[in-house]
>>> print(open('final-v2.cif').read())   # mmCIF, C-alpha atoms
data_target
#
loop_
_atom_site.label_atom_id
_atom_site.label_comp_id
_atom_site.auth_asym_id
_atom_site.auth_seq_id
_atom_site.Cartn_x
_atom_site.Cartn_y
_atom_site.Cartn_z
CA MET A 1 0.00 0.00 0.00
CA SER A 2 1.30 3.52 -0.82
CA ALA A 3 2.08 6.13 1.83
CA ALA A 4 -0.98 8.10 0.69
CA GLY A 5 -3.13 4.99 1.03
CA VAL A 6 -1.83 4.38 4.56
CA GLU A 7 -2.53 7.99 5.51
CA ASN A 8 -6.05 7.80 4.04
CA ARG A 9 -6.71 4.63 5.99
CA ARG A 10 -5.50 6.26 9.20
CA GLU A 11 -7.71 9.28 8.56
CA ARG A 12 -10.75 7.03 8.04
CA ARG A 13 -10.01 5.31 11.35
CA ARG A 14 -9.70 8.66 13.13
CA LEU A 15 -13.02 9.79 11.70
CA GLN A 16 -14.71 6.52 12.71
CA ALA A 17 -13.29 6.80 16.24
CA SER A 18 -14.48 10.41 16.44
CA ARG A 19 -17.98 9.44 15.31
CA ARG A 20 -18.12 6.62 17.87
CA ALA A 21 -17.04 9.00 20.64
CA ALA A 22 -19.66 11.54 19.56
CA THR A 23 -22.33 8.83 19.60
CA ARG A 24 -21.31 7.79 23.11
CA ARG A 25 -21.51 11.42 24.27
CA ARG A 26 -24.99 11.83 22.75
CA ARG A 27 -26.18 8.66 24.45
CA LEU A 28 -24.83 9.78 27.82
CA LEU A 29 -26.53 13.16 27.46
CA ALA A 30 -29.79 11.42 26.54
CA VAL A 31 -29.62 9.23 29.63
CA GLN A 32 -29.12 12.26 31.82
CA ALA A 33 -31.81 14.35 30.13
CA VAL A 34 -34.74 12.46 31.64
CA ALA A 35 -33.52 12.47 35.22
CA ALA A 36 -30.77 15.00 35.71
CA ALA A 37 -33.19 17.41 37.30
CA VAL A 38 -34.32 14.78 39.81
CA GLY A 39 -31.17 15.31 41.83
CA GLY A 40 -32.05 18.87 42.75
CA ALA A 41 -33.66 21.23 40.24
CA ALA A 42 -35.99 23.78 41.77
CA LEU A 43 -39.71 23.32 41.33
CA GLY A 44 -40.76 26.95 41.44
CA ALA A 45 -41.97 29.33 44.09
CA GLY A 46 -43.32 27.97 47.34
CA ALA A 47 -42.26 26.82 50.76
CA SER A 48 -38.67 25.67 51.12
CA ASP A 49 -38.13 22.23 52.64
CA GLY A 50 -34.76 23.33 53.96
CA SER A 51 -32.76 21.48 51.32
CA GLY A 52 -32.12 24.39 49.00
CA SER A 53 -34.95 23.57 46.55
CA ASN A 54 -38.43 25.04 46.69
CA LEU A 55 -41.73 23.21 46.54
CA PRO A 56 -45.15 24.44 45.50
CA ASP A 57 -47.41 25.13 48.46
CA LEU A 58 -48.97 21.70 48.88
CA THR A 59 -51.64 20.66 51.35
CA SER A 60 -51.21 17.57 53.50
CA GLN A 61 -53.52 15.72 51.10
CA GLN A 62 -51.39 16.71 48.12
CA LEU A 63 -48.08 15.87 49.85
CA ALA A 64 -49.52 12.43 50.61
CA GLY A 65 -50.81 12.11 47.05
CA GLU A 66 -47.36 12.61 45.56
CA ARG A 67 -46.46 9.25 47.10
CA VAL A 68 -49.25 7.16 45.57
CA VAL A 69 -49.78 5.51 42.17
CA THR A 70 -52.88 3.54 41.22
CA GLY A 71 -54.19 1.22 38.55
CA PHE A 72 -57.81 0.73 37.50
CA ASN A 73 -60.05 -1.48 35.39
CA GLY A 74 -61.41 -0.59 31.97
CA SER A 75 -60.58 1.74 29.11
CA HIS A 76 -61.95 4.89 30.76
CA PRO A 77 -60.72 6.50 33.98
CA PRO A 78 -63.38 5.72 36.62
CA ALA A 79 -64.88 8.52 38.69
CA THR A 80 -62.76 7.61 41.73
CA VAL A 81 -59.54 7.93 39.76
CA ARG A 82 -60.64 11.19 38.11
CA GLN A 83 -61.42 12.63 41.53
CA MET A 84 -58.09 11.48 42.96
CA ILE A 85 -56.25 13.16 40.09
CA SER A 86 -58.24 16.40 40.25
CA SER A 87 -57.72 16.70 44.01
CA GLY A 88 -54.02 15.79 43.94
CA ARG A 89 -54.40 12.50 45.79
CA ILE A 90 -52.18 10.53 43.36
CA ALA A 91 -49.01 11.24 41.41
CA GLY A 92 -49.63 8.81 38.58
CA VAL A 93 -51.25 5.70 37.20
CA ILE A 94 -50.13 2.27 36.08
CA LEU A 95 -51.76 0.77 32.99
CA PHE A 96 -52.23 -2.91 32.20
CA ALA A 97 -53.09 -4.77 29.02
CA ASP A 98 -56.82 -4.84 29.86
CA ASN A 99 -56.93 -1.03 29.90
CA PHE A 100 -56.65 -0.85 26.09
CA ASN A 101 -56.75 -3.11 23.04
CA SER A 102 -54.40 -1.20 20.74
CA VAL A 103 -51.71 1.45 20.67
CA ALA A 104 -54.33 3.96 19.54
CA GLY A 105 -56.56 2.93 22.44
CA ALA A 106 -53.69 3.44 24.87
CA ARG A 107 -53.03 6.90 23.46
CA ARG A 108 -56.69 7.90 23.85
CA LEU A 109 -56.72 6.69 27.45
CA VAL A 110 -53.55 8.54 28.36
CA ALA A 111 -54.89 11.71 26.74
CA LYS A 112 -58.01 11.46 28.92
CA LEU A 113 -55.90 11.03 32.04
CA GLN A 114 -53.60 13.95 31.27
CA SER A 115 -56.53 16.22 30.40
CA ILE A 116 -58.02 15.97 33.90
CA LYS A 117 -57.57 19.37 35.56
CA ARG A 118 -55.18 19.31 38.50
CA PRO A 119 -54.53 21.75 41.34
CA PRO A 120 -51.97 24.57 41.05
CA GLY A 121 -48.46 23.25 41.58
CA LEU A 122 -49.45 19.78 40.34
CA ARG A 123 -50.09 20.52 36.67
CA SER A 124 -47.02 18.76 35.34
CA PRO A 125 -47.84 15.54 33.48
CA LEU A 126 -48.97 12.61 35.55
CA LEU A 127 -46.58 9.70 35.71
CA VAL A 128 -48.16 7.13 33.38
CA MET A 129 -46.38 3.80 33.55
CA VAL A 130 -46.49 0.32 32.06
CA ASP A 131 -44.46 -2.88 32.29
CA GLN A 132 -42.95 -3.05 28.81
CA GLU A 133 -40.06 -5.43 29.45
CA GLY A 134 -40.56 -7.73 26.48
CA GLY A 135 -41.25 -11.45 26.35
CA LEU A 136 -43.87 -12.55 28.89
CA VAL A 137 -44.15 -9.07 30.39
CA LYS A 138 -45.36 -6.66 27.73
CA ARG A 139 -48.55 -4.59 27.74
CA LEU A 140 -48.44 -3.03 24.28
CA PRO A 141 -47.92 -4.77 20.92
CA GLY A 142 -44.57 -3.87 19.44
CA PRO A 143 -41.02 -3.57 20.77
CA PRO A 144 -39.02 -4.84 22.49
CA ALA A 145 -38.72 -7.82 20.19
CA GLY A 146 -38.14 -10.62 22.66
CA SER A 147 -37.47 -11.17 26.33
CA ALA A 148 -34.44 -9.87 28.20
CA GLU A 149 -32.88 -13.31 27.84
CA ALA A 150 -33.45 -13.33 24.08
CA MET A 151 -32.17 -9.78 23.64
CA SER A 152 -29.03 -10.65 25.61
CA LYS A 153 -27.95 -13.06 22.89
CA ARG A 154 -27.68 -10.12 20.48
CA GLY A 155 -25.52 -7.91 22.71
CA PRO A 156 -25.69 -4.37 24.18
CA HIS A 157 -25.85 -2.52 20.85
CA TYR A 158 -28.96 -4.46 19.81
CA ILE A 159 -30.45 -4.05 23.28
CA HIS A 160 -29.91 -0.29 23.16
CA HIS A 161 -31.68 -0.24 19.78
CA GLN A 162 -34.60 -2.15 21.31
CA GLY A 163 -34.73 0.32 24.19
CA ARG A 164 -34.93 3.22 21.73
CA ALA A 165 -37.66 1.46 19.74
CA THR A 166 -39.59 0.80 22.94
CA GLY A 167 -39.20 4.44 23.94
CA ARG A 168 -40.58 5.58 20.57
CA LEU A 169 -43.56 3.28 20.99
CA LEU A 170 -44.34 4.56 24.47
CA ARG A 171 -43.93 8.20 23.48
CA ARG A 172 -46.47 7.62 20.68
CA THR A 173 -48.98 6.74 23.38
CA ARG A 174 -47.73 9.52 25.74
CA ILE A 175 -46.76 6.90 28.31
CA ASN A 176 -43.75 8.41 30.06
CA VAL A 177 -42.48 5.65 32.39
CA ASP A 178 -41.44 2.10 31.55
CA LEU A 179 -41.22 -0.23 34.54
CA ALA A 180 -38.17 -1.83 32.95
CA PRO A 181 -35.42 -2.98 32.67
CA VAL A 182 -34.96 -5.90 35.07
CA LEU A 183 -31.53 -5.74 36.71
CA ASP A 184 -31.88 -9.04 38.59
CA VAL A 185 -28.88 -11.36 38.26
CA ALA A 186 -30.43 -14.77 37.60
CA ARG A 187 -29.28 -17.77 39.59
CA PRO A 188 -30.06 -21.45 38.88
CA GLY A 189 -33.65 -22.28 39.79
CA SER A 190 -34.77 -18.65 40.04
CA ALA A 191 -38.24 -17.58 38.97
CA ILE A 192 -36.86 -14.57 37.13
CA GLY A 193 -34.60 -16.85 35.10
CA ALA A 194 -37.39 -19.33 34.35
CA GLU A 195 -39.52 -16.44 33.10
CA HIS A 196 -36.67 -15.31 30.76
CA ARG A 197 -36.78 -11.85 32.35
CA SER A 198 -33.10 -11.56 33.31
CA PHE A 199 -30.32 -10.20 31.10
CA GLY A 200 -27.91 -12.80 32.47
CA SER A 201 -26.32 -14.65 35.34
CA HIS A 202 -23.23 -12.46 35.80
CA PRO A 203 -23.51 -8.97 37.33
CA LYS A 204 -21.16 -7.33 34.82
CA ALA A 205 -23.11 -8.70 31.85
CA VAL A 206 -26.45 -7.74 33.38
CA SER A 207 -25.14 -4.26 34.08
CA ARG A 208 -24.02 -3.66 30.48
CA ARG A 209 -27.11 -5.14 28.87
CA ALA A 210 -29.85 -3.84 31.16
CA ASN A 211 -28.37 -0.37 31.22
CA ALA A 212 -28.16 -0.38 27.42
CA PHE A 213 -31.93 -0.82 27.39
CA ALA A 214 -32.34 1.96 29.97
CA THR A 215 -30.26 4.41 27.94
CA GLY A 216 -32.30 3.58 24.87
CA LEU A 217 -35.51 4.44 26.71
CA ALA A 218 -34.04 7.65 28.10
CA SER A 219 -32.93 8.75 24.64
CA ARG A 220 -36.63 8.91 23.72
CA HIS A 221 -37.49 10.81 26.94
CA VAL A 222 -39.10 7.85 28.67
CA ALA A 223 -38.11 7.23 32.28
CA ALA A 224 -36.50 3.82 32.77
CA THR A 225 -37.12 1.93 36.01
CA ALA A 226 -34.42 -0.44 37.26
CA LYS A 227 -35.89 -3.36 39.20
CA HIS A 228 -36.15 -5.19 41.61
CA PHE A 229 -33.74 -3.68 44.15
CA PRO A 230 -31.72 -5.09 45.86
CA GLY A 231 -32.28 -8.12 43.61
CA LEU A 232 -34.69 -10.98 42.98
CA GLY A 233 -32.21 -13.16 41.10
CA SER A 234 -32.26 -15.92 43.70
CA ALA A 235 -36.00 -15.96 44.49
CA SER A 236 -37.52 -19.33 43.64
CA ALA A 237 -41.02 -17.88 43.13
CA ASN A 238 -42.53 -14.61 41.99
CA THR A 239 -43.34 -12.30 44.92
CA ASP A 240 -46.77 -11.76 43.34
CA VAL A 241 -47.76 -15.25 44.43
CA ALA A 242 -45.53 -16.15 47.39
CA VAL A 243 -43.59 -14.57 50.23
CA GLN A 244 -39.90 -14.77 49.41
CA ARG A 245 -37.07 -14.65 51.96
CA ILE A 246 -33.72 -14.14 50.26
CA LYS A 247 -31.11 -15.27 52.76
CA LEU A 248 -28.01 -14.16 50.88
CA PRO A 249 -25.31 -12.54 53.04
CA THR A 250 -25.11 -8.78 52.76
CA SER A 251 -21.69 -9.06 51.11
CA LYS A 252 -23.12 -11.17 48.27
CA LEU A 253 -26.12 -8.90 47.79
CA ARG A 254 -23.81 -5.94 47.47
CA SER A 255 -21.15 -7.52 45.27
CA ILE A 256 -23.53 -9.36 42.91
CA ASP A 257 -27.17 -8.30 43.09
CA GLU A 258 -26.71 -4.58 43.69
CA ARG A 259 -23.79 -4.24 41.29
CA PRO A 260 -25.83 -3.49 38.11
CA TYR A 261 -27.45 -0.56 39.93
CA ARG A 262 -24.12 1.24 40.28
CA ARG A 263 -24.04 1.93 36.55
CA PHE A 264 -27.71 2.93 36.51
CA VAL A 265 -27.12 5.40 39.36
CA ARG A 266 -23.98 6.84 37.73
CA GLY A 267 -25.97 7.43 34.53
CA SER A 268 -28.63 9.46 36.42
CA GLY A 269 -31.21 6.68 36.13
CA ALA A 270 -34.71 8.05 36.71
CA MET A 271 -36.45 5.40 38.83
CA VAL A 272 -35.69 2.31 40.89
CA MET A 273 -38.31 -0.23 41.94
CA LEU A 274 -37.78 -1.95 45.28
CA SER A 275 -38.81 -5.55 45.69
CA THR A 276 -41.31 -6.88 48.21
CA ALA A 277 -39.09 -9.85 49.09
CA ILE A 278 -37.53 -10.00 52.56
CA TYR A 279 -33.75 -9.91 52.97
CA PRO A 280 -33.18 -11.12 56.57
CA HIS A 281 -29.53 -10.10 56.69
CA LEU A 282 -30.60 -6.51 56.05
CA SER A 283 -34.11 -6.20 57.48
CA PRO A 284 -37.12 -8.22 58.74
CA LEU A 285 -39.36 -6.14 56.44
CA PRO A 286 -39.78 -6.33 52.65
CA ALA A 287 -37.19 -4.20 50.88
CA ALA A 288 -39.72 -1.61 49.69
CA LEU A 289 -40.84 -1.05 53.29
CA SER A 290 -37.41 -1.08 54.91
CA GLY A 291 -35.51 2.11 55.66
CA ARG A 292 -32.28 0.10 55.93
CA ILE A 293 -32.70 -0.89 52.26
CA SER A 294 -34.72 1.90 50.61
CA THR A 295 -32.74 4.71 52.21
CA GLY A 296 -29.60 3.04 53.59
CA GLU A 297 -28.60 0.78 50.70
CA LEU A 298 -30.12 2.58 47.73
CA ARG A 299 -29.62 6.21 48.60
CA HIS A 300 -26.82 6.41 51.16
CA ARG A 301 -24.62 3.56 49.94
CA LEU A 302 -25.21 3.74 46.17
CA GLY A 303 -26.01 7.45 46.00
CA PHE A 304 -29.30 7.20 44.08
CA LYS A 305 -30.91 10.63 43.60
CA GLY A 306 -33.96 9.68 41.56
CA VAL A 307 -37.46 8.43 42.37
CA SER A 308 -37.94 5.14 44.18
CA ILE A 309 -41.13 3.07 43.85
CA THR A 310 -42.44 -0.08 45.48
CA ASP A 311 -43.29 -3.20 43.58
CA ALA A 312 -47.06 -3.86 43.53
CA LEU A 313 -48.56 -3.73 47.03
CA GLU A 314 -51.52 -6.05 46.39
CA THR A 315 -49.30 -9.10 46.08
CA THR A 316 -49.07 -12.07 48.42
CA SER A 317 -45.77 -10.83 49.81
CA ALA A 318 -47.18 -7.36 50.56
CA ASN A 319 -50.51 -8.59 51.92
CA ALA A 320 -48.61 -10.67 54.47
CA ILE A 321 -47.53 -7.37 56.05
CA GLY A 322 -50.95 -5.71 56.23
CA GLY A 323 -53.51 -3.55 54.46
CA PRO A 324 -53.03 -0.24 52.63
CA PRO A 325 -52.74 2.02 55.71
CA ARG A 326 -49.97 -0.08 57.26
CA LEU A 327 -48.19 -0.57 53.94
CA ALA A 328 -48.37 3.17 53.24
CA ARG A 329 -47.07 4.04 56.69
CA LEU A 330 -44.15 1.63 56.47
CA GLY A 331 -43.26 2.65 52.92
CA ALA A 332 -43.34 6.37 53.75
CA MET A 333 -41.28 5.90 56.90
CA ALA A 334 -38.77 3.80 54.93
CA GLY A 335 -38.27 6.69 52.50
CA THR A 336 -39.68 4.96 49.40
CA ASP A 337 -41.12 7.76 47.28
CA LEU A 338 -43.99 6.05 45.44
CA LEU A 339 -46.38 3.38 46.71
CA LEU A 340 -47.79 1.31 43.84
CA PHE A 341 -51.34 -0.05 44.07
CA SER A 342 -53.36 -1.74 41.31
CA SER A 343 -56.73 -0.90 42.82
CA PRO A 344 -58.16 2.64 43.27
CA SER A 345 -59.85 1.71 46.54
CA ARG A 346 -56.58 0.56 48.07
CA ALA A 347 -54.68 3.54 46.67
CA LEU A 348 -57.28 5.91 48.10
CA ALA A 349 -57.10 4.19 51.50
CA ALA A 350 -53.32 4.61 51.46
CA SER A 351 -53.54 8.27 50.43
CA LYS A 352 -56.10 9.05 53.13
CA SER A 353 -54.03 7.27 55.76
CA LEU A 354 -50.91 9.27 54.87
CA THR A 355 -52.92 12.52 54.85
CA HIS A 356 -54.31 11.77 58.31
CA GLY A 357 -50.83 10.95 59.62
CA LEU A 358 -49.42 14.21 58.27
CA ARG A 359 -52.21 16.24 59.86
CA LYS A 360 -51.55 14.51 63.19
CA HIS A 361 -47.79 15.19 62.84
CA ARG A 362 -46.95 11.48 62.86
CA TYR A 363 -44.46 11.71 60.00
CA ASP A 364 -41.25 13.54 59.27
CA LEU A 365 -42.53 16.42 57.14
CA ALA A 366 -39.11 17.00 55.58
CA GLY A 367 -39.14 13.42 54.29
CA PHE A 368 -42.45 14.04 52.51
CA HIS A 369 -41.04 17.25 51.06
CA ARG A 370 -38.01 15.40 49.71
CA SER A 371 -40.17 12.74 48.08
CA ALA A 372 -42.57 15.29 46.60
CA ARG A 373 -39.66 17.29 45.20
CA ARG A 374 -38.17 14.23 43.50
CA VAL A 375 -41.51 13.09 42.10
CA LEU A 376 -42.61 16.52 40.88
CA THR A 377 -39.24 17.21 39.30
CA LEU A 378 -39.45 13.95 37.40
CA ARG A 379 -43.01 14.74 36.30
CA SER A 380 -42.00 18.16 35.02
CA SER A 381 -38.94 16.75 33.19
CA LEU A 382 -40.98 14.29 31.13
CA GLY A 383 -43.03 16.88 29.25
CA ARG A 384 -46.45 16.42 27.75
#
>>> encode(input="final-v2.cif", output="structure tokens")
Amino acid sequence: MSAAGVENRRERRRLQASRRAATRRRRLLAVQAVAAAVGGAALGAGASDGSGSNLPDLTSQQLAGERVVTGFNGSHPPATVRQMISSGRIAGVILFADNFNSVAGARRLVAKLQSIKRPPGLRSPLLVMVDQEGGLVKRLPGPPAGSAEAMSKRGPHYIHHQGRATGRLLRRTRINVDLAPVLDVARPGSAIGAEHRSFGSHPKAVSRRANAFATGLASRHVAATAKHFPGLGSASANTDVAVQRIKLPTSKLRSIDERPYRRFVRGSGAMVMLSTAIYPHLSPLPAALSGRISTGELRHRLGFKGVSITDALETTSANAIGGPPRLARLGAMAGTDLLLFSSPSRALAASKSLTHGLRKHRYDLAGFHRSARRVLTLRSSLGR
């Protein structure tokens, strides 16, 4: 090859390297765009919570409402849900496959929800979320094309592409939160592995692959939700149907199960879902209801600044603890921002219980302010 040919080849390589670096920078900026504000952007004029950021002037009912998410039956928001939204008793909704029969139907439903008039200070978009993992857990037709296990065989680049495609699909419907990806590190005999919902059995591989999906979602301005902290990769049954006690030593939980979350946190991940399994070496309570895990492990140890949310609180594992008032009290005291209920009646009971507790000064008001600030900042960052 001539000297000119060698130089041309080198120049092509430099250009390719430059393009790859630019692409990586764009992806990183996209990841941060959805949730960067969650760590501390101001919400506008109002009462300061003492942390340097201001909140709108919220009533006790509205402060409590910013910690509750509900589901409902049917393709139209029922009167109870409409009233909860208009009075500020809930921060968002979760949709399931029986709420719509098409992408167009989902879009119409979300439009109805977002059109409900909300009180001053709460007019940012509602959090509207679905489980769009792929494989067995997918509410809308379309991407991702395959389960986490299937996507893993194609590598992080393909997974990132699937995350972007999923984000485009959700944005078409105006759904702004995906309760995905799963960051659980699957172990032999685990339910999450049997359901093909894990991106792998090694924490490094899970971290690269799951976070590739998360960055793809974020690039389309959809909030990704890493789950199920601190890890369900060794649970032999789904916590929806059975109480699970994960007896791994704390050192193993931290070095294996929590490891994929480090990358998610460093990339300004928007949301983390806490599991309802019990981790006896950390707490006698389910993770979502444990301050040692929700605040100690997730926030203090890993440095997570975004919005935390419980796994569903109508499940067998949650019902073993108590009804909505007790679950709401424990979750709020643990520092978990959002309490996820599938039923409006249970969500309303939780919201009322928290409101009553605030009025009776039974809770740390600053903790409610911190949660409301995180949730409202995320809502405002997602746009309409």
>>> atom_distance(input="final-v2.cif", atom1="atom CA of Ser219 of chain A", atom2="atom CA of Leu378 of chain A")
15.2 Å
>>> atom_distance(input="final-v2.cif", atom1="atom CA of Arg292 of chain A", atom2="atom CA of Ala332 of chain A")
12.9 Å
>>> atom_distance(input="final-v2.cif", atom1="atom CA of Lys305 of chain A", atom2="atom CA of Ala334 of chain A")
15.4 Å
>>> resolve_selection(input="final-v2.cif", expression="the PyMOL selection byres ((chain A and resi 293-304) around 7)", output="PyMOL selection string")
chain A and resi 262+265+287-288+290-292+305-306+334-336
>>> closest_residue(input="final-v2.cif", among="A:Ser381, A:Thr80, A:Ser198, A:Asn211", to="Gly134 of chain A", atoms="only C-alpha atoms")
A:Ser198
>>> closest_residue(input="final-v2.cif", among="A:Arg329, A:Arg139, A:His160, A:Arg89", to="Leu126 of chain A", atoms="all atoms listed in the file")
A:Arg89
>>> closest_residue(input="final-v2.cif", among="A:Ser283, A:Ser317, A:Ser102, A:Ser380", to="Leu169 of chain A", atoms="all atoms listed in the file")
A:Ser102
>>> residues_around(input="final-v2.cif", residues="Asn238 of chain A", least_positions_apart="4", cutoff="9 Å", atoms="all atoms listed in the file", output="PyMOL selection string")
chain A and resi 190-192+232+242-244
>>> residues_around(input="final-v2.cif", residues="segment 222-226 of chain A", least_positions_apart="2", cutoff="8 Å", atoms="all atoms listed in the file", output="CSV table (one decimal) with C-alpha atoms, keeping the file's coordinate frame")
chain,number,residue,atom,x,y,z
A,34,VAL,CA,-34.7,12.5,31.6
A,35,ALA,CA,-33.5,12.5,35.2
A,167,GLY,CA,-39.2,4.4,23.9
A,170,LEU,CA,-44.3,4.6,24.5
A,171,ARG,CA,-43.9,8.2,23.5
A,175,ILE,CA,-46.8,6.9,28.3
A,176,ASN,CA,-43.8,8.4,30.1
A,177,VAL,CA,-42.5,5.6,32.4
A,178,ASP,CA,-41.4,2.1,31.6
A,179,LEU,CA,-41.2,-0.2,34.5
A,180,ALA,CA,-38.2,-1.8,33.0
A,181,PRO,CA,-35.4,-3.0,32.7
A,182,VAL,CA,-35.0,-5.9,35.1
A,183,LEU,CA,-31.5,-5.7,36.7
A,214,ALA,CA,-32.3,2.0,30.0
A,215,THR,CA,-30.3,4.4,27.9
A,217,LEU,CA,-35.5,4.4,26.7
A,218,ALA,CA,-34.0,7.6,28.1
A,219,SER,CA,-32.9,8.8,24.6
A,220,ARG,CA,-36.6,8.9,23.7
A,228,HIS,CA,-36.2,-5.2,41.6
A,229,PHE,CA,-33.7,-3.7,44.2
A,261,TYR,CA,-27.4,-0.6,39.9
A,264,PHE,CA,-27.7,2.9,36.5
A,269,GLY,CA,-31.2,6.7,36.1
A,270,ALA,CA,-34.7,8.0,36.7
A,271,MET,CA,-36.4,5.4,38.8
A,272,VAL,CA,-35.7,2.3,40.9
A,273,MET,CA,-38.3,-0.2,41.9
A,382,LEU,CA,-41.0,14.3,31.1
>>> resolve_selection(input="final-v2.cif", expression="the PyMOL selection byres ((chain A and resi 248) around 10)", output="mmCIF file with C-alpha atoms, in the frame of the given file")
data_model
loop_
_atom_site.group_PDB
_atom_site.id
_atom_site.type_symbol
_atom_site.label_atom_id
_atom_site.label_comp_id
_atom_site.auth_asym_id
_atom_site.auth_seq_id
_atom_site.Cartn_x
_atom_site.Cartn_y
_atom_site.Cartn_z
ATOM 1 C CA SER A 234 -32.260 -15.920 43.700
ATOM 2 C CA ARG A 245 -37.070 -14.650 51.960
ATOM 3 C CA ILE A 246 -33.720 -14.140 50.260
ATOM 4 C CA LYS A 247 -31.110 -15.270 52.760
ATOM 5 C CA PRO A 249 -25.310 -12.540 53.040
ATOM 6 C CA THR A 250 -25.110 -8.780 52.760
ATOM 7 C CA SER A 251 -21.690 -9.060 51.110
ATOM 8 C CA LYS A 252 -23.120 -11.170 48.270
ATOM 9 C CA LEU A 253 -26.120 -8.900 47.790
ATOM 10 C CA ARG A 254 -23.810 -5.940 47.470
ATOM 11 C CA ASP A 257 -27.170 -8.300 43.090
ATOM 12 C CA TYR A 279 -33.750 -9.910 52.970
ATOM 13 C CA PRO A 280 -33.180 -11.120 56.570
ATOM 14 C CA HIS A 281 -29.530 -10.100 56.690
ATOM 15 C CA LEU A 282 -30.600 -6.510 56.050
#
>>> resolve_selection(input="final-v2.cif", expression="the PyMOL selection byres ((chain A and resi 94) around 10)", output="list in words")
Val69, Thr70, Gly71, Phe72, Gly92, Val93, Leu95, Phe96, Asn99, Leu127, Val128, Met129, Val130, Asp131, Ile175, Val177, Asp178, Leu179, Leu340, Phe341, Ser342 and Ser343 of chain A
>>> closest_residue(input="final-v2.cif", among="A:Arg187, A:Arg259, A:Lys204, A:Arg209", to="Pro230 of chain A", atoms="all atoms listed in the file")
A:Arg259
>>> residues_around(input="final-v2.cif", residues="Ile159 of chain A", least_positions_apart="6", cutoff="12 Å", atoms="only C-alpha atoms", output="list in words")
Glu133, Gly134, Pro143, Pro144, Ala145, Gly146, Ser147, Ala148, Glu149, Ala150, Met151, Ser152, Lys153, Ala165, Thr166, Pro181, Phe199, Val206, Arg208, Arg209, Ala210, Asn211, Ala212, Phe213, Ala214, Thr215, Gly216 and Leu217 of chain A
>>> write_last_selection(input="final-v2.cif", atoms="C-alpha atoms", output="PDB file, in the coordinates of the input")
ATOM      1  CA  GLU A 133     -40.060  -5.430  29.450  1.00  0.00           C
ATOM      2  CA  GLY A 134     -40.560  -7.730  26.480  1.00  0.00           C
ATOM      3  CA  PRO A 143     -41.020  -3.570  20.770  1.00  0.00           C
ATOM      4  CA  PRO A 144     -39.020  -4.840  22.490  1.00  0.00           C
ATOM      5  CA  ALA A 145     -38.720  -7.820  20.190  1.00  0.00           C
ATOM      6  CA  GLY A 146     -38.140 -10.620  22.660  1.00  0.00           C
ATOM      7  CA  SER A 147     -37.470 -11.170  26.330  1.00  0.00           C
ATOM      8  CA  ALA A 148     -34.440  -9.870  28.200  1.00  0.00           C
ATOM      9  CA  GLU A 149     -32.880 -13.310  27.840  1.00  0.00           C
ATOM     10  CA  ALA A 150     -33.450 -13.330  24.080  1.00  0.00           C
ATOM     11  CA  MET A 151     -32.170  -9.780  23.640  1.00  0.00           C
ATOM     12  CA  SER A 152     -29.030 -10.650  25.610  1.00  0.00           C
ATOM     13  CA  LYS A 153     -27.950 -13.060  22.890  1.00  0.00           C
ATOM     14  CA  ALA A 165     -37.660   1.460  19.740  1.00  0.00           C
ATOM     15  CA  THR A 166     -39.590   0.800  22.940  1.00  0.00           C
ATOM     16  CA  PRO A 181     -35.420  -2.980  32.670  1.00  0.00           C
ATOM     17  CA  PHE A 199     -30.320 -10.200  31.100  1.00  0.00           C
ATOM     18  CA  VAL A 206     -26.450  -7.740  33.380  1.00  0.00           C
ATOM     19  CA  ARG A 208     -24.020  -3.660  30.480  1.00  0.00           C
ATOM     20  CA  ARG A 209     -27.110  -5.140  28.870  1.00  0.00           C
ATOM     21  CA  ALA A 210     -29.850  -3.840  31.160  1.00  0.00           C
ATOM     22  CA  ASN A 211     -28.370  -0.370  31.220  1.00  0.00           C
ATOM     23  CA  ALA A 212     -28.160  -0.380  27.420  1.00  0.00           C
ATOM     24  CA  PHE A 213     -31.930  -0.820  27.390  1.00  0.00           C
ATOM     25  CA  ALA A 214     -32.340   1.960  29.970  1.00  0.00           C
ATOM     26  CA  THR A 215     -30.260   4.410  27.940  1.00  0.00           C
ATOM     27  CA  GLY A 216     -32.300   3.580  24.870  1.00  0.00           C
ATOM     28  CA  LEU A 217     -35.510   4.440  26.710  1.00  0.00           C
TER      29      LEU A 217
END
>>> axis_aligned_box(input="final-v2.cif", around="segment 69-78 of chain A", padding_each_side="4 Å", output="lines of an AutoDock Vina configuration file")
center_x = -56.6
center_y = 2.5
center_z = 35.6
size_x = 21.6
size_y = 16.0
size_z = 21.1
>>> residues_near_point(input="final-v2.cif", point="(-43.4, -13.5, 31.9)", cutoff="7 Å", atoms="all atoms listed in the file", output="list in words")
Gly135, Leu136, Val137, Glu195 and Arg197 of chain A
